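Visitor: So here's upload04.txt, just compact mmCIF, C-alpha atoms and all ligand atoms:
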```txt
# COMPACT_ATOMS: atom_id res chain seq x y z
CA MET A 692 47.66 -160.31 -27.79
CA HIS A 693 47.63 -163.02 -25.13
CA LYS A 694 44.91 -164.90 -27.09
CA ASP A 695 47.08 -164.68 -30.21
CA TRP A 696 50.04 -166.47 -28.84
CA ILE A 697 47.88 -169.13 -27.24
CA ALA A 698 46.29 -169.79 -30.62
CA ALA A 699 49.78 -169.99 -32.13
CA ASP A 700 50.67 -172.59 -29.50
CA SER A 701 48.00 -175.01 -30.63
CA ASP A 702 48.91 -174.40 -34.28
CA HIS A 703 52.66 -174.84 -34.05
CA VAL A 704 53.91 -176.22 -30.76
CA TRP A 705 54.20 -179.83 -29.62
CA HIS A 706 53.75 -180.51 -25.91
CA PRO A 707 54.82 -183.66 -24.04
CA TYR A 708 52.60 -186.61 -24.93
CA SER A 709 50.14 -184.43 -26.80
CA ALA A 710 49.11 -183.80 -30.38
CA ILE A 711 48.85 -180.77 -32.61
CA GLY A 712 45.22 -179.73 -32.74
CA ALA A 713 44.22 -182.19 -30.01
CA ASP A 714 42.40 -179.51 -28.05
CA PHE A 715 43.94 -180.38 -24.71
CA PRO A 716 43.98 -177.39 -22.39
CA VAL A 717 47.36 -175.69 -21.94
CA PHE A 718 47.69 -172.91 -19.40
CA PRO A 719 50.01 -169.99 -20.19
CA VAL A 720 52.47 -169.28 -17.37
CA GLN A 721 53.81 -165.77 -16.93
CA SER A 722 56.23 -166.34 -14.07
CA ALA A 723 56.95 -168.61 -11.15
CA HIS A 724 58.13 -167.86 -7.64
CA GLY A 725 58.60 -170.09 -4.60
CA VAL A 726 55.91 -172.78 -4.88
CA ARG A 727 53.62 -170.67 -7.08
CA LEU A 728 53.07 -170.55 -10.81
CA ARG A 729 51.53 -167.30 -12.01
CA LEU A 730 49.31 -167.65 -15.05
CA ALA A 731 49.04 -165.00 -17.75
CA ASP A 732 45.56 -164.05 -16.49
CA GLY A 733 46.98 -163.31 -13.03
CA ARG A 734 45.79 -166.48 -11.27
CA GLU A 735 48.31 -168.18 -9.00
CA LEU A 736 48.60 -171.94 -8.67
CA ILE A 737 50.35 -173.84 -5.88
CA ASP A 738 52.75 -176.24 -7.54
CA GLY A 739 52.20 -179.91 -6.69
CA MET A 740 54.52 -181.31 -9.38
CA SER A 741 57.91 -179.57 -8.93
CA SER A 742 57.81 -179.41 -12.74
CA TRP A 743 58.13 -183.21 -12.93
CA TRP A 744 60.42 -183.88 -9.95
CA CYS A 745 62.85 -181.01 -10.72
CA ALA A 746 62.09 -177.79 -8.82
CA ILE A 747 62.92 -179.05 -5.33
CA HIS A 748 63.82 -175.55 -4.05
CA GLY A 749 60.83 -173.86 -5.69
CA TYR A 750 61.05 -171.34 -8.52
CA ASN A 751 63.10 -168.20 -8.92
CA HIS A 752 65.41 -168.92 -6.02
CA PRO A 753 67.84 -166.06 -5.37
CA LYS A 754 70.83 -168.36 -4.84
CA LEU A 755 70.22 -170.32 -8.01
CA ASN A 756 69.54 -167.11 -9.94
CA ARG A 757 72.86 -165.78 -8.71
CA ALA A 758 74.69 -168.95 -9.75
CA VAL A 759 73.35 -168.58 -13.30
CA GLU A 760 74.19 -164.87 -13.45
CA GLU A 761 77.72 -165.32 -12.15
CA GLN A 762 78.46 -168.12 -14.58
CA LEU A 763 76.88 -166.14 -17.41
CA ALA A 764 79.38 -163.34 -16.83
CA ASP A 765 82.20 -165.83 -17.55
CA MET A 766 80.70 -167.98 -20.30
CA ALA A 767 77.38 -169.56 -21.12
CA HIS A 768 78.83 -172.45 -23.03
CA VAL A 769 81.95 -173.87 -24.61
CA MET A 770 82.43 -177.20 -26.32
CA PHE A 771 83.67 -179.95 -24.02
CA GLY A 772 85.78 -181.79 -26.58
CA GLY A 773 89.39 -180.87 -25.76
CA LEU A 774 88.33 -178.18 -23.27
CA THR A 775 87.34 -178.32 -19.64
CA HIS A 776 86.08 -175.89 -17.00
CA ARG A 777 85.80 -175.58 -13.26
CA PRO A 778 81.98 -175.95 -12.95
CA ALA A 779 82.11 -179.36 -14.65
CA VAL A 780 85.06 -180.63 -12.62
CA GLU A 781 83.72 -179.37 -9.31
CA LEU A 782 80.30 -180.83 -10.03
CA ALA A 783 81.82 -184.19 -10.94
CA GLN A 784 83.80 -184.21 -7.68
CA ARG A 785 80.69 -183.31 -5.75
CA LEU A 786 78.61 -186.07 -7.33
CA VAL A 787 81.33 -188.65 -6.77
CA ALA A 788 81.53 -187.63 -3.10
CA LEU A 789 77.76 -187.82 -2.58
CA THR A 790 76.97 -191.08 -4.36
CA PRO A 791 77.95 -194.62 -3.29
CA GLU A 792 81.70 -195.12 -3.02
CA PRO A 793 82.32 -197.36 -6.06
CA LEU A 794 81.00 -194.66 -8.44
CA GLN A 795 84.04 -192.58 -9.38
CA THR A 796 83.63 -191.13 -12.87
CA VAL A 797 80.99 -188.87 -14.39
CA PHE A 798 79.65 -188.45 -17.92
CA PHE A 799 77.54 -185.29 -18.29
CA ALA A 800 74.56 -185.66 -20.61
CA ASP A 801 71.99 -183.09 -21.59
CA SER A 802 68.80 -184.91 -20.57
CA GLY A 803 67.72 -187.91 -18.56
CA SER A 804 66.98 -189.99 -21.64
CA VAL A 805 70.47 -189.36 -22.94
CA ALA A 806 71.97 -190.30 -19.56
CA VAL A 807 70.14 -193.64 -19.89
CA GLU A 808 71.42 -194.12 -23.46
CA VAL A 809 74.93 -193.41 -22.18
CA ALA A 810 74.50 -195.94 -19.35
CA MET A 811 73.35 -198.62 -21.79
CA LYS A 812 76.21 -197.92 -24.20
CA MET A 813 78.72 -198.03 -21.33
CA ALA A 814 77.44 -201.45 -20.31
CA ILE A 815 77.71 -202.79 -23.86
CA GLN A 816 81.19 -201.33 -24.37
CA TYR A 817 82.33 -202.72 -21.02
CA TRP A 818 81.47 -206.27 -21.99
CA ALA A 819 82.76 -205.83 -25.53
CA ALA A 820 86.10 -204.69 -24.09
CA LYS A 821 86.17 -207.93 -22.11
CA GLY A 822 85.59 -209.91 -25.29
CA GLU A 823 81.94 -210.58 -24.45
CA THR A 824 80.40 -209.09 -27.56
CA GLY A 825 77.26 -211.18 -27.12
CA LYS A 826 76.21 -209.22 -24.06
CA GLN A 827 74.14 -206.53 -25.78
CA ARG A 828 70.69 -206.88 -24.25
CA PHE A 829 69.12 -205.45 -21.11
CA LEU A 830 66.98 -207.06 -18.47
CA THR A 831 64.40 -204.93 -16.73
CA ILE A 832 61.11 -205.01 -14.86
CA ARG A 833 57.67 -204.07 -16.09
CA HIS A 834 56.15 -200.69 -15.14
CA GLY A 835 59.52 -198.99 -15.64
CA TYR A 836 60.12 -195.63 -17.26
CA HIS A 837 63.57 -194.61 -18.51
CA GLY A 838 62.96 -191.92 -21.11
CA ASP A 839 61.71 -191.35 -24.62
CA THR A 840 64.66 -191.95 -26.94
CA LEU A 841 64.72 -195.32 -28.68
CA GLY A 842 67.25 -197.08 -26.46
CA ALA A 843 65.67 -195.76 -23.27
CA MET A 844 62.23 -196.57 -24.62
CA SER A 845 63.21 -200.16 -25.27
CA VAL A 846 63.49 -200.68 -21.48
CA CYS A 847 60.27 -198.78 -20.63
CA ASP A 848 57.15 -200.80 -19.86
CA PRO A 849 56.12 -202.38 -23.19
CA VAL A 850 52.44 -201.45 -22.77
CA THR A 851 52.68 -197.83 -21.68
CA GLY A 852 55.76 -197.44 -23.90
CA MET A 853 53.69 -198.65 -26.90
CA HIS A 854 56.41 -201.06 -28.00
CA SER A 855 54.24 -202.69 -30.65
CA LEU A 856 54.08 -199.37 -32.50
CA PHE A 857 57.88 -199.25 -32.76
CA SER A 858 58.57 -202.97 -32.83
CA ALA A 859 60.66 -202.98 -36.00
CA THR A 860 62.97 -200.30 -34.64
CA LEU A 861 63.23 -200.90 -30.91
CA PRO A 862 65.87 -203.27 -29.60
CA GLN A 863 64.17 -206.30 -28.05
CA GLN A 864 64.95 -206.45 -24.34
CA VAL A 865 64.10 -208.96 -21.64
CA PHE A 866 61.25 -208.11 -19.24
CA VAL A 867 60.21 -209.73 -15.99
CA ALA A 868 57.26 -208.91 -13.75
CA ALA A 869 57.74 -205.92 -11.46
CA PRO A 870 58.02 -206.68 -7.74
CA GLU A 871 54.70 -206.83 -5.89
CA CYS A 872 56.19 -206.49 -2.41
CA PRO A 873 55.53 -202.91 -1.33
CA PHE A 874 58.07 -200.59 0.24
CA GLY A 875 58.66 -201.67 3.83
CA SER A 876 58.03 -205.38 3.35
CA PRO A 877 60.91 -207.32 4.88
CA SER A 878 61.40 -210.02 2.25
CA CYS A 879 60.74 -210.35 -1.46
CA GLU A 880 62.14 -213.77 -2.16
CA ASP A 881 59.19 -214.84 -4.32
CA ASP A 882 59.22 -211.62 -6.31
CA SER A 883 62.87 -212.03 -7.22
CA GLN A 884 62.38 -215.54 -8.67
CA ALA A 885 61.49 -214.18 -12.11
CA MET A 886 64.66 -212.08 -12.24
CA ALA A 887 66.70 -215.05 -11.00
CA ALA A 888 65.25 -217.32 -13.68
CA ALA A 889 65.82 -214.79 -16.47
CA LEU A 890 69.44 -214.33 -15.43
CA GLN A 891 69.95 -218.07 -15.08
CA GLU A 892 68.82 -218.60 -18.67
CA GLN A 893 70.04 -215.48 -20.44
CA ALA A 894 72.94 -213.88 -18.56
CA GLY A 895 75.21 -214.69 -21.51
CA LYS A 896 73.42 -212.13 -23.65
CA ILE A 897 72.61 -209.56 -20.96
CA ALA A 898 74.86 -206.53 -20.44
CA ALA A 899 72.97 -205.07 -17.50
CA VAL A 900 69.85 -205.03 -15.43
CA ILE A 901 68.34 -201.54 -15.52
CA LEU A 902 65.71 -200.35 -13.10
CA GLU A 903 64.47 -197.43 -11.05
CA PRO A 904 65.44 -198.16 -7.44
CA ILE A 905 62.54 -198.26 -4.92
CA VAL A 906 60.22 -195.90 -6.82
CA GLN A 907 58.96 -196.68 -10.31
CA GLY A 908 57.93 -193.23 -11.51
CA ALA A 909 56.11 -192.44 -14.74
CA GLY A 910 55.45 -196.16 -15.39
CA GLY A 911 53.01 -196.42 -12.48
CA MET A 912 54.24 -194.60 -9.37
CA ARG A 913 54.94 -197.88 -7.55
CA PHE A 914 57.07 -198.16 -4.39
CA TYR A 915 58.75 -201.52 -3.84
CA SER A 916 60.73 -203.18 -1.09
CA ALA A 917 64.42 -202.50 -0.51
CA ASP A 918 64.85 -206.27 -0.12
CA TYR A 919 64.03 -206.73 -3.80
CA LEU A 920 66.73 -204.26 -4.78
CA ARG A 921 69.29 -206.04 -2.58
CA ARG A 922 68.37 -209.35 -4.17
CA VAL A 923 68.73 -207.91 -7.67
CA ARG A 924 72.16 -206.56 -6.74
CA SER A 925 73.35 -209.95 -5.58
CA LEU A 926 71.80 -211.75 -8.58
CA CYS A 927 73.68 -209.37 -10.90
CA ASP A 928 76.95 -210.17 -9.10
CA GLN A 929 76.25 -213.88 -9.18
CA HIS A 930 75.56 -213.92 -12.93
CA GLY A 931 78.15 -211.41 -14.15
CA VAL A 932 75.72 -208.69 -15.21
CA LEU A 933 76.03 -204.96 -14.46
CA LEU A 934 73.37 -203.08 -12.51
CA ILE A 935 72.19 -199.69 -13.80
CA ALA A 936 70.19 -197.64 -11.29
CA ASP A 937 68.09 -194.95 -12.91
CA GLU A 938 67.75 -192.33 -10.16
CA ILE A 939 66.72 -189.55 -12.53
CA ALA A 940 63.43 -189.15 -10.64
CA THR A 941 64.44 -190.35 -7.17
CA GLY A 942 67.79 -188.59 -6.78
CA PHE A 943 68.38 -185.62 -4.47
CA GLY A 944 66.15 -186.46 -1.54
CA ARG A 945 62.72 -187.10 -3.00
CA THR A 946 62.27 -190.52 -1.32
CA GLY A 947 63.64 -189.40 2.05
CA LYS A 948 67.22 -190.55 1.29
CA LEU A 949 69.59 -188.52 -0.84
CA PHE A 950 69.53 -191.43 -3.33
CA ALA A 951 66.96 -194.23 -3.32
CA CYS A 952 69.68 -196.93 -3.46
CA GLU A 953 70.51 -195.94 0.12
CA HIS A 954 67.25 -197.52 1.29
CA ALA A 955 68.78 -200.86 0.32
CA GLY A 956 72.40 -199.99 1.11
CA ILE A 957 73.52 -201.06 -2.36
CA ALA A 958 75.74 -199.46 -5.00
CA PRO A 959 74.95 -199.85 -8.70
CA ASP A 960 77.70 -200.19 -11.33
CA ILE A 961 76.18 -197.31 -13.27
CA LEU A 962 73.95 -194.54 -11.89
CA CYS A 963 71.82 -192.07 -13.89
CA LEU A 964 70.92 -188.68 -12.43
CA GLY A 965 68.90 -185.84 -13.92
CA LYS A 966 65.71 -183.93 -13.14
CA ALA A 967 66.43 -182.26 -9.73
CA LEU A 968 70.16 -182.08 -10.51
CA THR A 969 69.95 -178.35 -11.37
CA GLY A 970 66.96 -177.68 -9.09
CA GLY A 971 64.82 -177.46 -12.20
CA TYR A 972 66.76 -174.60 -13.81
CA LEU A 973 68.52 -176.09 -16.78
CA THR A 974 68.62 -179.35 -18.63
CA LEU A 975 71.46 -181.50 -17.31
CA ALA A 976 71.91 -185.15 -16.45
CA ALA A 977 74.81 -187.34 -15.42
CA THR A 978 75.85 -190.96 -15.73
CA LEU A 979 78.25 -192.13 -13.04
CA THR A 980 80.20 -195.34 -13.12
CA THR A 981 83.00 -197.30 -11.44
CA ARG A 982 86.74 -197.36 -12.11
CA ASP A 983 86.30 -200.92 -13.34
CA VAL A 984 83.81 -199.91 -16.04
CA SER A 985 85.72 -196.74 -16.99
CA HIS A 986 89.12 -198.45 -17.19
CA THR A 987 87.86 -201.50 -19.01
CA ILE A 988 86.31 -199.29 -21.71
CA ALA A 989 89.55 -197.31 -21.98
CA CYS A 990 91.80 -200.36 -22.22
CA GLU A 991 90.40 -202.15 -25.25
CA ALA A 992 89.60 -201.04 -28.79
CA PRO A 993 88.28 -198.54 -29.70
CA GLY A 994 89.75 -197.23 -26.40
CA LEU A 995 87.17 -194.48 -26.29
CA PHE A 996 83.64 -194.24 -25.08
CA MET A 997 81.52 -193.58 -28.15
CA HIS A 998 79.35 -190.67 -27.08
CA GLY A 999 79.77 -186.89 -26.91
CA PRO A 1000 76.84 -184.48 -26.96
CA THR A 1001 77.26 -180.95 -28.31
CA PHE A 1002 76.07 -179.40 -25.06
CA MET A 1003 77.98 -181.81 -22.84
CA ALA A 1004 78.69 -180.31 -19.38
CA ASN A 1005 77.12 -176.96 -20.23
CA PRO A 1006 78.77 -174.51 -17.78
CA LEU A 1007 75.56 -172.67 -16.87
CA ALA A 1008 73.91 -175.97 -16.02
CA CYS A 1009 76.92 -177.29 -14.08
CA ALA A 1010 77.27 -174.08 -12.05
CA THR A 1011 73.55 -174.17 -11.24
CA ALA A 1012 73.72 -177.83 -10.25
CA LEU A 1013 76.57 -177.06 -7.85
CA ALA A 1014 74.53 -174.26 -6.28
CA SER A 1015 71.43 -176.47 -6.10
CA ILE A 1016 73.28 -179.29 -4.36
CA GLN A 1017 74.84 -176.81 -1.95
CA LEU A 1018 71.43 -175.35 -1.18
CA LEU A 1019 69.97 -178.81 -0.62
CA LEU A 1020 72.74 -179.98 1.68
CA GLU A 1021 72.66 -176.77 3.72
CA SER A 1022 68.89 -177.08 4.17
CA PRO A 1023 67.13 -179.35 6.67
CA TRP A 1024 65.95 -181.38 3.66
CA GLN A 1025 65.48 -184.65 5.53
CA ALA A 1026 63.21 -183.05 8.12
CA ARG A 1027 61.34 -181.23 5.35
CA VAL A 1028 60.78 -184.36 3.31
CA GLN A 1029 59.65 -186.24 6.42
CA HIS A 1030 57.28 -183.43 7.27
CA ILE A 1031 55.85 -183.44 3.73
CA GLU A 1032 55.50 -187.23 3.95
CA HIS A 1033 53.44 -186.79 7.10
CA GLY A 1034 51.30 -184.05 5.52
CA LEU A 1035 50.69 -186.15 2.40
CA ARG A 1036 49.71 -189.20 4.47
CA ASN A 1037 47.19 -187.28 6.54
CA GLY A 1038 45.95 -185.11 3.73
CA LEU A 1039 45.36 -187.86 1.15
CA GLU A 1040 43.96 -190.43 3.60
CA PRO A 1041 40.28 -189.46 3.03
CA CYS A 1042 40.64 -190.73 -0.56
CA ARG A 1043 41.15 -194.29 0.69
CA GLU A 1044 37.50 -194.87 1.56
CA LEU A 1045 36.24 -193.90 -1.90
CA ASP A 1046 34.92 -196.76 -4.04
CA HIS A 1047 36.80 -195.68 -7.15
CA VAL A 1048 40.15 -195.42 -5.32
CA SER A 1049 42.21 -198.61 -5.26
CA ASP A 1050 45.22 -197.35 -3.27
CA VAL A 1051 46.72 -194.37 -1.50
CA ARG A 1052 50.47 -194.53 -0.97
CA VAL A 1053 53.11 -192.11 0.23
CA LEU A 1054 56.90 -192.29 0.31
CA GLY A 1055 59.04 -189.29 1.14
CA ALA A 1056 57.72 -186.25 -0.71
CA ILE A 1057 55.67 -188.37 -3.13
CA GLY A 1058 51.94 -188.95 -2.59
CA VAL A 1059 49.89 -191.12 -4.93
CA VAL A 1060 46.16 -191.78 -5.24
CA GLU A 1061 45.49 -194.68 -7.60
CA LEU A 1062 41.99 -194.93 -9.08
CA THR A 1063 40.23 -198.04 -10.32
CA LEU A 1064 39.64 -196.42 -13.71
CA ALA A 1065 41.52 -193.96 -15.89
CA LEU A 1066 40.53 -190.33 -15.65
CA ASP A 1067 39.81 -187.95 -18.48
CA MET A 1068 42.71 -185.53 -18.41
CA LYS A 1069 41.01 -182.94 -20.57
CA SER A 1070 38.19 -182.31 -18.13
CA VAL A 1071 40.06 -183.12 -14.90
CA GLN A 1072 43.08 -180.86 -15.38
CA PRO A 1073 41.00 -177.64 -15.28
CA MET A 1074 39.31 -178.82 -12.06
CA PHE A 1075 42.66 -178.55 -10.30
CA VAL A 1076 43.35 -175.14 -11.80
CA GLU A 1077 39.95 -173.92 -10.56
CA ARG A 1078 41.04 -174.97 -7.07
CA GLY A 1079 44.25 -172.95 -7.35
CA VAL A 1080 46.69 -175.84 -7.64
CA TRP A 1081 48.89 -177.32 -10.34
CA VAL A 1082 48.45 -181.09 -10.38
CA ARG A 1083 48.91 -183.16 -13.51
CA PRO A 1084 47.38 -186.61 -13.19
CA PHE A 1085 47.82 -189.36 -15.77
CA GLY A 1086 45.94 -192.57 -16.46
CA ARG A 1087 44.66 -193.92 -13.16
CA LEU A 1088 47.05 -191.84 -11.07
CA VAL A 1089 46.66 -188.55 -9.25
CA TYR A 1090 49.89 -187.72 -7.50
CA LEU A 1091 51.74 -184.96 -5.68
CA MET A 1092 55.47 -184.28 -5.42
CA PRO A 1093 55.73 -180.68 -4.23
CA PRO A 1094 58.91 -178.61 -3.88
CA PHE A 1095 60.66 -179.38 -0.58
CA VAL A 1096 60.14 -175.75 0.55
CA ILE A 1097 56.34 -175.96 0.61
CA ASP A 1098 54.72 -174.85 3.90
CA ASP A 1099 51.93 -176.61 5.79
CA GLU A 1100 49.16 -174.37 4.55
CA ASP A 1101 50.04 -174.76 0.88
CA LEU A 1102 50.49 -178.50 1.29
CA LEU A 1103 47.05 -178.74 2.86
CA THR A 1104 45.58 -176.76 -0.05
CA LEU A 1105 47.17 -179.29 -2.41
CA THR A 1106 45.94 -182.39 -0.60
CA ASP A 1107 42.46 -180.88 -0.07
CA ALA A 1108 42.25 -180.17 -3.81
CA VAL A 1109 43.22 -183.77 -4.62
CA VAL A 1110 40.64 -185.14 -2.18
CA SER A 1111 37.94 -182.86 -3.54
CA VAL A 1112 38.68 -183.58 -7.21
CA VAL A 1113 39.04 -187.33 -6.68
CA ARG A 1114 35.81 -187.42 -4.68
CA SER A 1115 33.94 -185.73 -7.53
CA LEU A 1116 35.28 -188.29 -10.03
CA ASN A 1117 32.79 -191.01 -9.27
CA GLN A 1118 31.59 -193.12 -12.14
CA ALA A 1119 28.54 -190.93 -12.68
CA SER A 1120 30.80 -187.96 -13.40
CA GLY A 1121 31.62 -189.37 -16.83
CA ARG A 1122 35.27 -188.50 -16.21
CA LEU A 1123 36.49 -192.05 -15.63
CA SER A 1124 36.88 -194.80 -18.18
CA PRO A 1125 38.54 -198.24 -18.33
CA ALA A 1126 41.01 -197.36 -21.09
CA GLY A 1127 42.73 -194.09 -20.39
CA ARG A 1128 45.33 -192.71 -22.71
CA VAL A 1129 48.83 -192.26 -21.38
CA GLN A 1130 49.64 -188.64 -20.72
C1 LIG A 1201 62.15 -188.41 -16.52
C2 LIG A 1201 62.89 -189.67 -16.45
C3 LIG A 1201 63.79 -190.05 -17.48
C4 LIG A 1201 63.98 -189.22 -18.74
O1 LIG A 1201 64.50 -187.96 -18.47
P1 LIG A 1201 64.32 -186.79 -19.56
O2 LIG A 1201 65.11 -185.66 -18.99
O3 LIG A 1201 62.85 -186.51 -19.64
O4 LIG A 1201 64.86 -187.29 -20.84
C5 LIG A 1201 64.47 -191.23 -17.34
N1 LIG A 1201 64.30 -192.01 -16.25
C6 LIG A 1201 63.46 -191.69 -15.25
C7 LIG A 1201 63.34 -192.59 -14.07
C8 LIG A 1201 62.72 -190.51 -15.32
O5 LIG A 1201 61.86 -190.21 -14.34
```
Spell out the structure here as C-alpha cells.
Ligand SMILES: *Cc1c(COP(=O)(O)O)cnc(C)c1O
Guide:
Amino acid sequence: MHKDWIAADSDHVWHPYSAIGADFPVFPVQSAHGVRLRLADGRELIDGMSSWWCAIHGYNHPKLNRAVEEQLADMAHVMFGGLTHRPAVELAQRLVALTPEPLQTVFFADSGSVAVEVAMKMAIQYWAAKGETGKQRFLTIRHGYHGDTLGAMSVCDPVTGMHSLFSATLPQQVFVAAPECPFGSPSCEDDSQAMAAALQEQAGKIAAVILEPIVQGAGGMRFYSADYLRRVRSLCDQHGVLLIADEIATGFGRTGKLFACEHAGIAPDILCLGKALTGGYLTLAATLTTRDVSHTIACEAPGLFMHGPTFMANPLACATALASIQLLLESPWQARVQHIEHGLRNGLEPCRELDHVSDVRVLGAIGVVELTLALDMKSVQPMFVERGVWVRPFGRLVYLMPPFVIDDEDLLTLTDAVVSVVRSLNQASGRLSPAGRVQ
C-alpha cells in the first residue's frame, strides 16, 4: 500500500527542481508536530529547514490549527473582486503597522513569486503613470533569488537561474556584482560603485532596484553589510528609481530583526512578504507599498492596478497569518533567535577547520556551511535522514534554519548531524564534484 503510492509519486508527481523518473530519493511524511516530521515508516526527523523558511512556530500548532478551524466555520474562500472580509483587512492593518512607516497599502498574492511579479508591475505602472514609459527594466545584484515565474526569474542570478535556457522569453534586466562586504562590515563604499555606475548610465530605463535585504537566500545564502543596503537606498533616491525589498525569506524574525531592512534602518518603496507569513500553514504572500506609489497608479490611465489573482486574500490564509503574527509577537522571539544563533555558531564551528569547507557563517536563525565543491544530493540527503534530521543541502551549501521553537538538545542534534555529514564528505567520498546541479 505504502510502496504503491510512493511508486505513483515517481510516475506522476513533479517535485521542486526535480525530474520525473530522475530517481532522487523522496521521503513520505505521515505527519508533523512541533519540530518533528514523522515519516510513513515511523521514523522521526528533527526539522532543520522550517519547510523552506516557513514553519517558524513548528508544525501542528494548536493556536494556528484553531485559527484555521474557526475561519473554516465561516468560509474557506470567497472571491476578492467586489467583496472584502475582516481577515484580509485586519491582516493588512497589522502588516502596515509592523513594517516601515512609509508602507501603507497591501496587495495580497498567493505565492512569493507572484508577490514579486506584483511588485515589478507596480513599479512599471508607477513610472508609466508619471509619463515615464521608458522605465521598464530592473536593476539587481548577482546571487539573488526572487522566485520561479518568468518576471521573478528574470531578476534571479543569471547562472543559477539558467537564463540562457530562457533567453528568448525572459525580459533582459541589468545585473551588477553582489556586495562582497560581509554582514557587520562598517563600510561598503567600493562594493556600491557598480550599482552607482549602473544607475548613472541607465536610470532612465530602470523602474526599480530589486534585492533581498541583508540575506541572499536560495541564490547563495550570503549575508552582506547593512551599509551596502543604506547606500543602495540613497542611490535609488538620487537617481529617481524605486527600491523593492524582497523579504519573502527574511521577514518575520529570521535574521534577528522582524524585517531585515531594520538592520540598515531603511524603508523600501515596495516590500514583498511570503513564506513565514502564515507560519507555514497556507500559501499567502503580500506586496506592500507607499501612498505615493498607490496614488500615482490610481491617478493616471488605466487608473487600476493590472493584477488580481483568483485566490487573492484567501480568508483561511489571512486568518492564519493573523494568528501566526500574534503568536510570534507574543513569544520571546528575539531571545529565541539569538539563542539559536549562538547554538548554530558553536555547533557548526568544527566544520571550519575542514579542508573542503570554505566558510561557516551564521546570522540570526540561519547557519550556513559552504563547501569548496558541490555535493551529490542523491547520496547526501539520505545521510541526514539516517541521523534523524531533515536537512536539505544544495550545490555547495549545507544550511540550517530551524523553527524558532527548537530546544537546545534538538538544535545540537541538528548541528552535530551537519558536522558529521560534512566531515564525511571529503574528496575521497566521491560525493563532491566541481559542477553540482542546482537543487
Ligand atoms: C522563496 C522565495 C521567493 C518565491 O516564493 P514562492 O512562494 O516560492 O513563489 C521569492 N523571493 C525570495 C527571497 C524567496 O526566498
Visitor: Residues within 7 Å of ligand LIG 1201 (chain A) should be enumerated using all atoms listed in the file and returned as a list in words.
Guide: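 Final answer, ordered by chain and number: Ser802, Gly803, Ser804, Val805, Val807, Tyr836, His837, Gly838, Asp839, Glu903, Gly908, Ala909, Asp937, Glu938, Ile939, Ala940, Gly965 and Lys966 of chain A.
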Visitor: Give me the residues near Leu1045 in chain A as an NGL selection string, where near means some atom within 12 Å (using only C-alpha atoms) and where sequence neighbours in that chain fewer than 2 positions away do not count.
Guide: :A and (1039-1043 or 1047-1051 or 1060-1063 or 1110-1118)
Visitor: Between CA of Glu1077 in chain A and CA of His1030 in chain A, what is the distance, to one decimal in Å?
Guide: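 Calculated distance between CA of Glu1077 in chain A and CA of His1030 in chain A is 26.6 Å.
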Visitor: Need the neighbours of (56.8, -186.1, -18.6): which residues are at most 9 Å away, counting all atoms listed in the file, as number ranges by chain?
Guide: A: 707-708, 742-743, 838, 909, 1130
Visitor: When you draw a straight line from CA of Pro719 in chain A to CA of Tyr972 in chain A, how long is it in Å?
Guide: 18.5 Å
Visitor: Pick from A:Pro778, A:Phe1095, A:Leu933, A:Leu1066: nearest to Val759 in chain A, with only C-alpha atoms counted?
Guide: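 Of the candidates, the smallest distance to Val759 in chain A is held by A:Pro778.
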Visitor: Which of these, A:Gln795, A:Ser878, A:Gln1072, A:Thr1104, has the shortest distance to Gly1038 in chain A once you count all atoms listed in the file?
Guide: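 Smallest distance to Gly1038 in chain A is found for A:Thr1104.
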Visitor: For CA of Ser1120 in chain A and CA of Arg1083 in chain A, determine how far apart the two atoms are, in Å to one decimal place.
Guide: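 Going from CA of Ser1120 in chain A over to CA of Arg1083 in chain A covers 18.7 Å.
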Visitor: Could you pull the residues within 9 Å of Thr831 in chain A, counting only C-alpha atoms, minus those fewer than 2 positions along the same chain, as a list in words?
Guide: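 The contact residues come out as Phe829, Arg833, Gly835, Val846, Cys847, Asp848, Gln864, Val865, Phe866, Val867, Ala868, Ala869, Met886, Ala899, Val900, Ile901 and Leu902 of chain A.
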Visitor: Using all atoms listed in the file, determine which residues lie at most 12 Å from Phe718 in chain A, disregarding the query and same-chain residues fewer than 4 positions distant; provide the list as a PyMOL selection string.
Guide: chain A and resi 693-694+696-698+700-701+706+728-736+1072-1073+1075-1077+1081+1083
Visitor: Kindly save the residues from that selection, with C-alpha atoms included, as a tab-separated table (two decimals), in the coordinates of the input.
Guide:
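Heads up, here's the output in part-v8.tsv:
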```
chain	number	residue	atom	x	y	z
A	693	HIS	CA	47.63	-163.02	-25.13
A	694	LYS	CA	44.91	-164.90	-27.09
A	696	TRP	CA	50.04	-166.47	-28.84
A	697	ILE	CA	47.88	-169.13	-27.24
A	698	ALA	CA	46.29	-169.79	-30.62
A	700	ASP	CA	50.67	-172.59	-29.50
A	701	SER	CA	48.00	-175.01	-30.63
A	706	HIS	CA	53.75	-180.51	-25.91
A	728	LEU	CA	53.07	-170.55	-10.81
A	729	ARG	CA	51.53	-167.30	-12.01
A	730	LEU	CA	49.31	-167.65	-15.05
A	731	ALA	CA	49.04	-165.00	-17.75
A	732	ASP	CA	45.56	-164.05	-16.49
A	733	GLY	CA	46.98	-163.31	-13.03
A	734	ARG	CA	45.79	-166.48	-11.27
A	735	GLU	CA	48.31	-168.18	-9.00
A	736	LEU	CA	48.60	-171.94	-8.67
A	1072	GLN	CA	43.08	-180.86	-15.38
A	1073	PRO	CA	41.00	-177.64	-15.28
A	1075	PHE	CA	42.66	-178.55	-10.30
A	1076	VAL	CA	43.35	-175.14	-11.80
A	1077	GLU	CA	39.95	-173.92	-10.56
A	1081	TRP	CA	48.89	-177.32	-10.34
A	1083	ARG	CA	48.91	-183.16	-13.51
```
Visitor: Of the candidates A:Ala758, A:Leu1019, A:Ala767, A:Ala699, which one gets nearest to Phe1002 in chain A if we count only C-alpha atoms?
Guide: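 Ranked by minimum distance to Phe1002 in chain A, first place goes to A:Ala767.
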Visitor: Of the residues A:Met1003, A:Val717, A:Ala820, A:Ala977, which is the one nearest to Trp705 in chain A, using all atoms listed in the file?
Guide: A:Val717
Visitor: Nearest to Pro873 in chain A among A:His930, A:Arg1052, A:His834, A:Ser858, with distances taken over all atoms listed in the file: which residue is it?
Guide: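 Smallest separation from Pro873 in chain A among the options: A:Arg1052.
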Visitor: Measuring atom to atom with all atoms listed in the file, identify which of A:His954, A:His748, A:Arg945, A:Lys896 is nearest to Tyr915 in chain A.
Guide: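 The shortest atom-to-atom distance to Tyr915 in chain A comes from A:His954.
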